[in-house]
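A.B. asks: Dropping in input.cif, with mmCIF, C-alpha atoms.
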data_my_file
loop_
_atom_site.label_atom_id
_atom_site.label_comp_id
_atom_site.auth_asym_id
_atom_site.auth_seq_id
_atom_site.Cartn_x
_atom_site.Cartn_y
_atom_site.Cartn_z
CA MET Z 26 37.43 60.34 60.93
CA SER Z 27 40.57 61.23 59.00
CA SER Z 28 42.82 64.26 59.06
CA GLN Z 29 45.41 66.04 56.91
CA TYR Z 30 47.74 69.04 57.25
CA VAL Z 31 47.12 72.32 55.39
CA TYR Z 32 49.20 75.54 55.31
CA ASP Z 33 47.74 78.52 57.15
CA ARG Z 34 48.92 81.71 55.36
CA ASP Z 35 47.63 84.05 58.04
CA ASN Z 36 49.63 82.46 60.82
CA PHE Z 37 52.43 81.18 58.64
CA ARG Z 38 52.17 77.58 59.84
CA PHE Z 39 50.67 74.20 59.09
CA ARG Z 40 47.55 73.15 60.88
CA ARG Z 41 45.65 69.89 60.93
CA GLN Z 42 42.32 69.80 59.16
CA LYS Z 43 39.87 67.03 60.03
CA ARG Z 44 37.57 65.31 57.48
CA SER Z 45 34.55 63.17 58.17
CA THR Z 46 34.22 59.61 56.90
CA ARG Z 47 31.15 60.65 54.93
CA SER Z 48 33.05 63.29 52.97
CA VAL Z 49 35.76 60.77 52.14
CA LEU Z 50 33.23 58.23 50.93
CA VAL Z 51 31.44 60.85 48.84
CA ARG Z 52 34.69 61.89 47.18
CA VAL Z 53 35.65 58.25 46.47
CA LEU Z 54 32.20 57.61 45.03
CA LYS Z 55 32.51 60.67 42.76
CA TYR Z 56 35.87 59.46 41.45
CA PHE Z 57 34.42 55.99 40.91
CA LEU Z 58 31.37 57.25 39.01
CA ALA Z 59 33.52 59.54 36.91
CA SER Z 60 35.81 56.64 36.00
CA VAL Z 61 32.88 54.39 35.11
CA SER Z 62 31.27 57.14 33.03
CA LEU Z 63 34.47 57.71 31.10
CA ALA Z 64 34.83 53.97 30.49
CA VAL Z 65 31.25 53.77 29.17
CA ILE Z 66 31.83 56.77 26.90
CA TYR Z 67 35.05 55.25 25.55
CA TYR Z 68 33.28 51.92 24.93
CA LEU Z 69 30.38 53.57 23.09
CA VAL Z 70 32.74 55.63 20.95
CA PHE Z 71 34.77 52.57 19.96
CA ALA Z 72 31.66 50.41 19.47
CA LEU Z 73 29.96 52.97 17.22
CA PHE Z 74 32.89 54.21 15.16
CA PHE Z 75 35.41 51.36 15.27
CA SER Z 76 35.01 47.63 14.38
CA THR Z 77 37.16 44.65 15.23
CA ASP Z 78 38.36 42.21 12.58
CA ARG Z 79 35.70 39.70 13.62
CA GLU Z 80 32.94 42.30 13.43
CA ARG Z 81 34.07 43.33 9.96
CA ARG Z 82 34.02 39.69 8.83
CA LEU Z 83 30.54 39.17 10.27
CA LYS Z 84 29.23 42.31 8.57
CA ALA Z 85 30.70 41.15 5.26
CA GLU Z 86 29.05 37.75 5.71
CA ASN Z 87 25.71 39.39 6.48
CA ARG Z 88 25.93 41.49 3.30
CA MET Z 89 26.75 38.35 1.31
CA TYR Z 90 23.79 36.47 2.83
CA GLU Z 91 21.50 39.37 1.99
CA ARG Z 92 22.54 39.10 -1.65
CA LEU Z 93 22.29 35.29 -1.71
CA TYR Z 94 19.03 34.93 0.24
CA PRO Z 95 16.65 35.48 -2.73
CA GLU Z 96 18.55 32.89 -4.79
CA MET Z 97 18.59 30.46 -1.84
CA GLU Z 98 14.87 30.94 -1.39
CA GLU Z 99 14.25 30.10 -5.05
CA ARG Z 100 16.43 27.00 -4.73
CA GLN Z 101 14.51 25.96 -1.63
CA LYS Z 102 11.25 26.19 -3.54
CA LEU Z 103 12.78 24.15 -6.37
CA LEU Z 104 13.97 21.51 -3.90
CA ASP Z 105 10.51 21.34 -2.35
CA ASP Z 106 9.03 20.73 -5.79
CA VAL Z 107 11.62 18.03 -6.52
CA VAL Z 108 10.96 16.31 -3.18
CA SER Z 109 7.22 16.40 -3.83
CA GLY Z 110 7.80 14.85 -7.25
CA LEU Z 111 10.00 12.14 -5.75
CA GLU Z 112 7.38 11.37 -3.12
CA ALA Z 113 4.73 11.05 -5.82
CA LYS Z 114 6.99 8.80 -7.91
CA ASP Z 115 7.88 6.71 -4.86
CA ASN Z 116 4.18 6.28 -4.11
CA MET Z 117 3.56 5.20 -7.73
CA ILE Z 118 6.32 2.59 -7.55
CA TYR Z 119 5.08 1.36 -4.17
CA ASN Z 120 1.54 1.17 -5.55
CA ASP Z 121 2.70 -0.80 -8.58
CA LEU Z 122 4.62 -3.27 -6.42
CA PHE Z 123 2.21 -3.73 -3.53
CA GLN Z 124 -1.08 -2.40 -4.94
CA THR Z 125 -1.49 0.09 -2.11
CA ASP Z 126 -0.39 3.59 -1.15
CA VAL Z 127 2.54 4.29 1.14
CA ILE Z 128 1.36 4.35 4.75
CA SER Z 129 2.65 7.40 6.60
CA TYR Z 130 1.45 8.92 9.84
CA GLY Z 131 4.24 11.47 10.21
CA SER Z 132 2.38 14.55 8.93
CA GLN Z 133 -0.77 13.65 10.83
CA THR Z 134 1.16 13.32 14.06
CA ASN Z 135 3.01 16.60 13.49
CA ASP Z 136 -0.24 18.46 12.80
CA PHE Z 137 -1.71 17.05 15.96
CA LEU Z 138 1.28 17.93 18.10
CA SER Z 139 1.58 21.45 16.69
CA GLY Z 140 -1.88 22.37 17.91
CA SER Z 141 -0.79 22.78 21.52
CA ASP Z 142 2.37 23.24 23.51
CA SER Z 143 1.32 20.52 25.92
CA MET Z 144 -1.05 17.58 25.79
CA GLU Z 145 -2.66 15.40 28.34
CA VAL Z 146 -1.71 11.75 28.44
CA VAL Z 147 -5.26 10.76 27.57
CA ASP Z 148 -5.03 12.83 24.35
CA ILE Z 149 -1.81 11.10 23.34
CA VAL Z 150 -3.35 7.68 23.99
CA ARG Z 151 -6.49 8.55 22.03
CA MET Z 152 -4.45 9.80 19.08
CA SER Z 153 -2.25 6.70 19.12
CA GLU Z 154 -5.30 4.44 19.15
CA SER Z 155 -6.82 6.23 16.17
CA MET Z 156 -3.55 5.90 14.26
CA TYR Z 157 -2.76 2.27 14.92
CA ALA Z 158 -6.19 0.68 15.23
CA PRO Z 159 -6.44 0.24 11.41
CA LEU Z 160 -3.05 -1.48 11.42
CA THR Z 161 -4.18 -3.83 14.17
CA ARG Z 162 -7.30 -4.79 12.21
CA LYS Z 163 -5.21 -5.31 9.06
CA ALA Z 164 -2.77 -7.54 10.96
CA ALA Z 165 -5.69 -9.60 12.27
CA ASP Z 166 -7.03 -10.01 8.72
CA ILE Z 167 -3.60 -11.17 7.53
CA ASP Z 168 -3.35 -13.68 10.38
CA ALA Z 169 -6.79 -15.03 9.51
CA GLU Z 170 -5.81 -15.36 5.85
CA PHE Z 171 -2.66 -17.27 6.80
CA MET Z 172 -4.70 -19.61 8.98
CA ARG Z 173 -7.05 -20.22 6.06
CA ILE Z 174 -4.11 -20.99 3.76
CA PHE Z 175 -2.55 -23.34 6.32
CA GLY Z 176 -5.87 -25.13 6.64
CA ILE Z 177 -6.10 -25.63 2.87
CA LEU Z 178 -2.55 -26.94 2.71
CA SER Z 179 -2.95 -29.28 5.65
CA ASP Z 180 -5.83 -31.24 4.14
CA GLY Z 181 -3.74 -32.09 1.03
CA ALA Z 182 -6.46 -31.13 -1.42
CA GLU Z 183 -4.39 -28.35 -3.00
CA GLU Z 184 -1.03 -28.59 -4.70
CA LEU Z 185 1.67 -26.17 -3.63
CA PRO Z 186 2.64 -23.55 -6.25
CA PRO Z 187 6.26 -23.49 -7.53
CA LEU Z 188 7.88 -21.44 -4.77
CA SER Z 189 11.56 -22.42 -4.96
CA PHE Z 190 14.23 -20.51 -6.82
CA PRO Z 191 15.21 -22.25 -10.10
CA ILE Z 192 18.88 -21.28 -9.70
CA GLU Z 193 20.47 -21.98 -6.34
CA GLY Z 194 22.27 -19.08 -4.64
CA LEU Z 195 21.59 -16.52 -7.38
CA PRO Z 196 22.13 -12.97 -6.03
CA TYR Z 197 19.39 -10.39 -6.43
CA THR Z 198 21.67 -8.31 -8.70
CA SER Z 199 21.34 -11.02 -11.35
CA VAL Z 200 17.57 -10.55 -11.67
CA GLY Z 201 16.58 -8.98 -14.98
CA ALA Z 202 13.39 -7.96 -16.74
CA SER Z 203 10.16 -9.60 -15.69
CA VAL Z 204 6.67 -9.93 -17.21
CA GLY Z 205 5.41 -7.07 -19.38
CA GLU Z 206 6.37 -5.07 -22.44
CA LYS Z 207 10.17 -4.96 -22.68
CA ILE Z 208 12.59 -3.79 -25.36
CA ASN Z 209 13.90 -6.68 -27.43
CA PRO Z 210 17.75 -6.60 -27.49
CA PHE Z 211 17.88 -7.60 -31.17
CA TYR Z 212 15.04 -5.59 -32.75
CA LYS Z 213 15.05 -2.64 -30.29
CA VAL Z 214 11.25 -2.54 -30.12
CA LYS Z 215 8.87 -3.33 -27.27
CA VAL Z 216 7.57 -6.90 -27.27
CA ASN Z 217 5.62 -8.91 -24.74
CA HIS Z 218 7.86 -10.70 -22.22
CA ASP Z 219 6.16 -13.64 -20.47
CA GLY Z 220 8.84 -14.51 -17.92
CA ILE Z 221 11.79 -13.25 -15.92
CA ASP Z 222 15.45 -13.21 -16.95
CA LEU Z 223 17.85 -14.73 -14.41
CA ILE Z 224 21.43 -13.95 -15.41
CA ALA Z 225 23.87 -16.74 -14.54
CA PRO Z 226 27.08 -18.24 -15.99
CA ALA Z 227 26.69 -20.85 -18.70
CA GLY Z 228 26.51 -24.35 -17.26
CA THR Z 229 24.83 -23.34 -13.99
CA PRO Z 230 22.35 -26.07 -12.92
CA VAL Z 231 18.67 -25.21 -13.43
CA ARG Z 232 16.41 -26.81 -10.82
CA ALA Z 233 12.69 -27.54 -10.68
CA SER Z 234 10.94 -24.91 -8.57
CA GLY Z 235 8.35 -27.43 -7.33
CA ASP Z 236 7.18 -31.03 -7.55
CA GLY Z 237 5.60 -31.92 -10.87
CA VAL Z 238 5.68 -33.82 -14.14
CA VAL Z 239 7.75 -32.87 -17.21
CA SER Z 240 4.99 -32.14 -19.74
CA SER Z 241 7.18 -30.96 -22.61
CA VAL Z 242 10.80 -30.99 -23.78
CA GLN Z 243 11.63 -28.77 -26.74
CA ARG Z 244 14.93 -28.39 -28.56
CA SER Z 245 15.26 -25.52 -31.03
CA ARG Z 246 17.73 -23.00 -32.41
CA LYS Z 247 15.11 -20.25 -32.56
CA GLY Z 248 12.94 -18.39 -30.11
CA LEU Z 249 13.39 -19.66 -26.56
CA GLY Z 250 15.80 -22.38 -27.68
CA ASN Z 251 15.87 -25.51 -25.52
CA VAL Z 252 12.86 -25.45 -23.20
CA VAL Z 253 11.62 -27.74 -20.41
CA THR Z 254 8.01 -27.40 -19.23
CA VAL Z 255 6.86 -28.82 -15.88
CA ASP Z 256 3.22 -29.25 -14.83
CA HIS Z 257 2.85 -28.77 -11.06
CA GLY Z 258 -0.89 -29.34 -10.82
CA SER Z 259 -3.62 -26.93 -9.65
CA GLY Z 260 -3.15 -25.01 -12.90
CA TYR Z 261 0.54 -24.16 -12.29
CA VAL Z 262 3.04 -24.67 -15.13
CA THR Z 263 6.69 -23.55 -15.25
CA ARG Z 264 8.95 -23.18 -18.28
CA TYR Z 265 12.77 -23.11 -18.32
CA ALA Z 266 14.22 -21.71 -21.56
CA HIS Z 267 17.60 -21.17 -23.30
CA LEU Z 268 19.05 -24.31 -21.68
CA SER Z 269 22.42 -25.52 -22.97
CA ASP Z 270 21.50 -29.14 -22.25
CA ILE Z 271 18.48 -30.98 -20.87
CA ASN Z 272 18.66 -33.73 -18.20
CA VAL Z 273 15.02 -34.92 -18.19
CA ILE Z 274 12.57 -36.52 -20.59
CA ARG Z 275 8.89 -35.95 -21.20
CA GLY Z 276 6.57 -37.68 -18.72
CA ARG Z 277 9.16 -37.94 -15.96
CA ARG Z 278 8.06 -36.93 -12.46
CA VAL Z 279 10.51 -34.55 -10.78
CA GLU Z 280 10.80 -33.31 -7.23
CA LYS Z 281 11.52 -29.78 -6.12
CA GLY Z 282 15.24 -29.04 -6.60
CA ALA Z 283 15.82 -31.70 -9.27
CA VAL Z 284 18.26 -30.60 -12.00
CA LEU Z 285 16.34 -30.13 -15.27
CA GLY Z 286 19.26 -28.80 -17.33
CA ARG Z 287 21.89 -26.10 -17.40
CA VAL Z 288 21.99 -22.40 -18.20
CA GLY Z 289 22.86 -21.60 -21.80
CA MET Z 290 22.07 -19.18 -24.60
CA THR Z 291 20.27 -21.34 -27.16
CA GLY Z 292 17.71 -19.71 -29.42
CA ASN Z 293 17.52 -15.92 -29.53
CA SER Z 294 19.50 -15.11 -26.41
CA PHE Z 295 21.56 -11.96 -25.88
CA ALA Z 296 23.77 -13.60 -23.21
CA PRO Z 297 23.78 -16.74 -21.04
CA HIS Z 298 20.72 -16.64 -18.79
CA LEU Z 299 17.63 -18.56 -17.76
CA HIS Z 300 14.30 -17.36 -19.09
CA TYR Z 301 11.87 -18.57 -16.41
CA GLU Z 302 8.08 -18.49 -16.74
CA ILE Z 303 5.19 -19.36 -14.41
CA TRP Z 304 1.70 -19.92 -15.81
CA LYS Z 305 -1.46 -20.16 -13.75
CA ASP Z 306 -4.56 -21.44 -15.59
CA THR Z 307 -2.99 -20.58 -18.98
CA VAL Z 308 -2.16 -17.01 -17.86
CA ALA Z 309 1.45 -15.84 -17.49
CA VAL Z 310 2.11 -14.49 -13.99
CA ASP Z 311 5.12 -12.62 -12.61
CA PRO Z 312 7.62 -15.23 -11.32
CA VAL Z 313 9.21 -12.77 -8.90
CA ASN Z 314 6.05 -12.97 -6.79
CA TYR Z 315 6.93 -16.60 -6.03
CA PHE Z 316 10.52 -16.03 -4.88
CA PHE Z 317 9.79 -14.77 -1.37
CA GLY Z 318 10.28 -18.22 0.18
CA SER Z 319 13.81 -18.64 -1.21
CA VAL Z 320 15.48 -15.34 -0.32
CA SER Z 321 15.63 -12.89 2.58
CA PRO Z 322 13.12 -10.02 2.82
CA GLU Z 323 15.81 -7.50 1.85
CA GLU Z 324 16.83 -9.51 -1.23
CA TYR Z 325 13.21 -10.04 -2.19
CA SER Z 326 12.44 -6.32 -2.07
CA MET Z 327 15.46 -5.60 -4.27
CA MET Z 328 14.38 -8.32 -6.72
CA LEU Z 329 10.95 -6.71 -6.96
CA LEU Z 330 12.51 -3.33 -7.66
CA LEU Z 331 15.03 -4.57 -10.23
CA SER Z 332 12.56 -6.75 -12.14
CA ALA Z 333 10.04 -3.91 -12.35
CA SER Z 334 12.56 -1.26 -13.40
CA ALA Z 335 14.43 -3.28 -16.07
CA GLY Z 336 13.26 -2.01 -19.47
CA GLN Z 337 15.08 -4.47 -21.75
CA SER Z 338 14.88 -8.25 -21.81
CA MET Z 339 17.69 -10.70 -22.60
CA ASP Z 340 15.78 -12.51 -25.35
#
Please render this file's structure as structure tokens.
C.D. replies:
Amino acid sequence: MSSQYVYDRDNFRFRRQKRSTRSVLVRVLKYFLASVSLAVIYYLVFALFFSTDRERRLKAENRMYERLYPEMEERQKLLDDVVSGLEAKDNMIYNDLFQTDVISYGSQTNDFLSGSDSMEVVDIVRMSESMYAPLTRKAADIDAEFMRIFGILSDGAEELPPLSFPIEGLPYTSVGASVGEKINPFYKVKVNHDGIDLIAPAGTPVRASGDGVVSSVQRSRKGLGNVVTVDHGSGYVTRYAHLSDINVIRGRRVEKGAVLGRVGMTGNSFAPHLHYEIWKDTVAVDPVNYFFGSVSPEEYSMMLLLSASAGQSMD
């Protein structure tokens, strides 16, 4: 209970008037609701008819995005087409290098996962088995093929192919055009190129890429210039061209790593380099396929890419 004094006009005096707690609480609640209502009205008025600096900036950005969205959508479509073209080109290059398509399970996995918000563990295991079982079988086939090769080599009946690098320590960036039709640097027309160009400073030692017998030594001012040919047996023959000088004679047996001569630019050579050829049963093969034992996997992959993409030879 609370009380207050009021003036009584009839009796000309003040008298005390009592108020209940309920009436006080009701009056306080009315004032509170009125204040809250006014605050809400003020907020709505300012929110609807007035904007802050940040709101004005956001509205301007939204209008700009509305104008730019159609152009951005067209660019997105163009980028999708470019990416698809790059994927197709990448697959072509991969197919040319490794004679197989690029293996990718990303889209298959995404399609599988997008079918449901949750999967049982057994479904995940089954999907993983279906994805990687072919790879397991392929790995087993490769292991079996290696075992067969090791068995052939262990009995000594087969000669090893020329697997060493003819120039010691040559970086992969010095690998030029390989076997195929390449543009001749002098005539600017496509001609058949039977070897690979290894760019090195003049005078760099040229080494035998495998054990064998020097079957031919040729000195000339035309064509491939000074050439040394080594017969490795089992149908393998290597040729080392554009040598500045020759350190071996015909009929001499050489071991892998023996110095045959030095890099030069004799004959029709655009710059000092070694023109290196590998022949198997009278057919020219790509020498870069025999470099994997002399360099790291990363360097070998770059050599493959550079030799395949070079369009002009050095001779």
A.B. asks: Which distance in Å separates CA of Val214 in chain Z and CA of Val310 in chain Z, to one decimal?
C.D. replies: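 So the answer is 22.1 Å.
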A.B. asks: So what do you get for CA of Pro196 in chain Z versus CA of Lys213 in chain Z, distance-wise?
C.D. replies: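 Interatomic distance, CA of Pro196 in chain Z to CA of Lys213 in chain Z: 27.3 Å.
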A.B. asks: If we count all atoms listed in the file, what is near Gly194 in chain Z at a cut-off of 10 Å, once residues fewer than 4 positions away on the same chain are taken out, given as number ranges by chain?
C.D. replies: Z: 190, 319-320
A.B. asks: Nearest to Val284 in chain Z: which of Z:Asn116, Z:Ser234, Z:Thr263, Z:Asn314 is it, counting all atoms listed in the file?
C.D. replies: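 For Val284 in chain Z, the nearest of the given residues is Z:Ser234.
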A.B. asks: As a check of understanding, name the residues that the PyMOL selection byres ((chain Z and resi 219) around 7) selects in the supplied structure, as a list in words.
C.D. replies: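 Listing what the PyMOL selection byres ((chain Z and resi 219) around 7) selects in the shown file: Val204, Gly205, Asn217, His218, Gly220, Glu302 and Ala309 of chain Z.
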A.B. asks: Tell me which of Z:Asp311, Z:Asp166, Z:Asp236, Z:Glu154 sits closest to Arg278 in chain Z, counting all atoms listed in the file.
C.D. replies: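 Selected residue with least distance to Arg278 in chain Z: Z:Asp236.
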A.B. asks: Could you jot down the CA of Gly260 in chain Z to CA of Ser203 in chain Z separation for me, Å, one decimal place?
C.D. replies: 20.6 Å
A.B. asks: Could you pull the residues within 6 Å of Thr291 in chain Z, counting only C-alpha atoms, minus those fewer than 2 positions along the same chain, as a list in words?
C.D. replies: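 That gives Gly250, His267 and Gly289 of chain Z.
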A.B. asks: Could you spell out the hits of the PyMOL selection byres ((chain Z and resi 216) around 6) on the shown file, as a list in words?
C.D. replies: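 Selection result, ordered by chain and number: Glu206, Lys207, Lys215 and Asn217 of chain Z.
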A.B. asks: Show me the residues around (25.2, -31.5, -23.5) - criterion: an atom at most 10 Å away, only C-alpha atoms counted - as a list in words.
C.D. replies: Gly228, Leu268, Ser269, Asp270, Ile271, Asn272, Gly286 and Arg287 of chain Z
A.B. asks: Skipping near chain neighbours, those fewer than 4 positions away, what residues fall within 8 Å of Gly282 in chain Z using only C-alpha atoms, listed as a PyMOL selection string?
C.D. replies: chain Z and resi 189+191+232-235
A.B. asks: Give me the result of the PyMOL selection byres ((chain Z and resi 316) around 12) on this file, residue by residue, as number ranges by chain.
C.D. replies: Z: 186-193, 195, 197, 200, 221, 234-235, 301, 303, 311-315, 317-322, 324-329, 332
A.B. asks: Can you tell me which residues surround range 237-247 of chain Z at a distance of at most 6 Å, considering only C-alpha atoms, apart from same-chain residues fewer than 2 positions away, and format the answer as number ranges by chain?
C.D. replies: Z: 250-257, 275-279, 292-293
A.B. asks: Let me make sure I understand: among Z:Asp148, Z:Leu103, Z:Phe295, Z:Thr77, which one has the smallest atom-to-atom distance to Tyr212 in chain Z if we use only C-alpha atoms?
C.D. replies: Z:Phe295
A.B. asks: Dump as a list of chain:residue names all residues having an atom at most 7 Å from (22.8, -13.4, -16.8), computed in the file's coordinates with all atoms listed in the file.
C.D. replies: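 With a cut-off of 7 Å, the residues come to Z:Ser199, Z:Leu223, Z:Ile224, Z:Ala225, Z:Pro226, Z:Ala296, Z:Pro297, Z:His298.
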A.B. asks: Using only C-alpha atoms, pick whichever of Z:Pro210, Z:Leu54, Z:Asn87, Z:Leu330 has the shortest atom-to-atom distance to Thr198 in chain Z.
C.D. replies: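 Comparing Z:Pro210, Z:Leu54, Z:Asn87, Z:Leu330 against Thr198 in chain Z, the winner is Z:Leu330.
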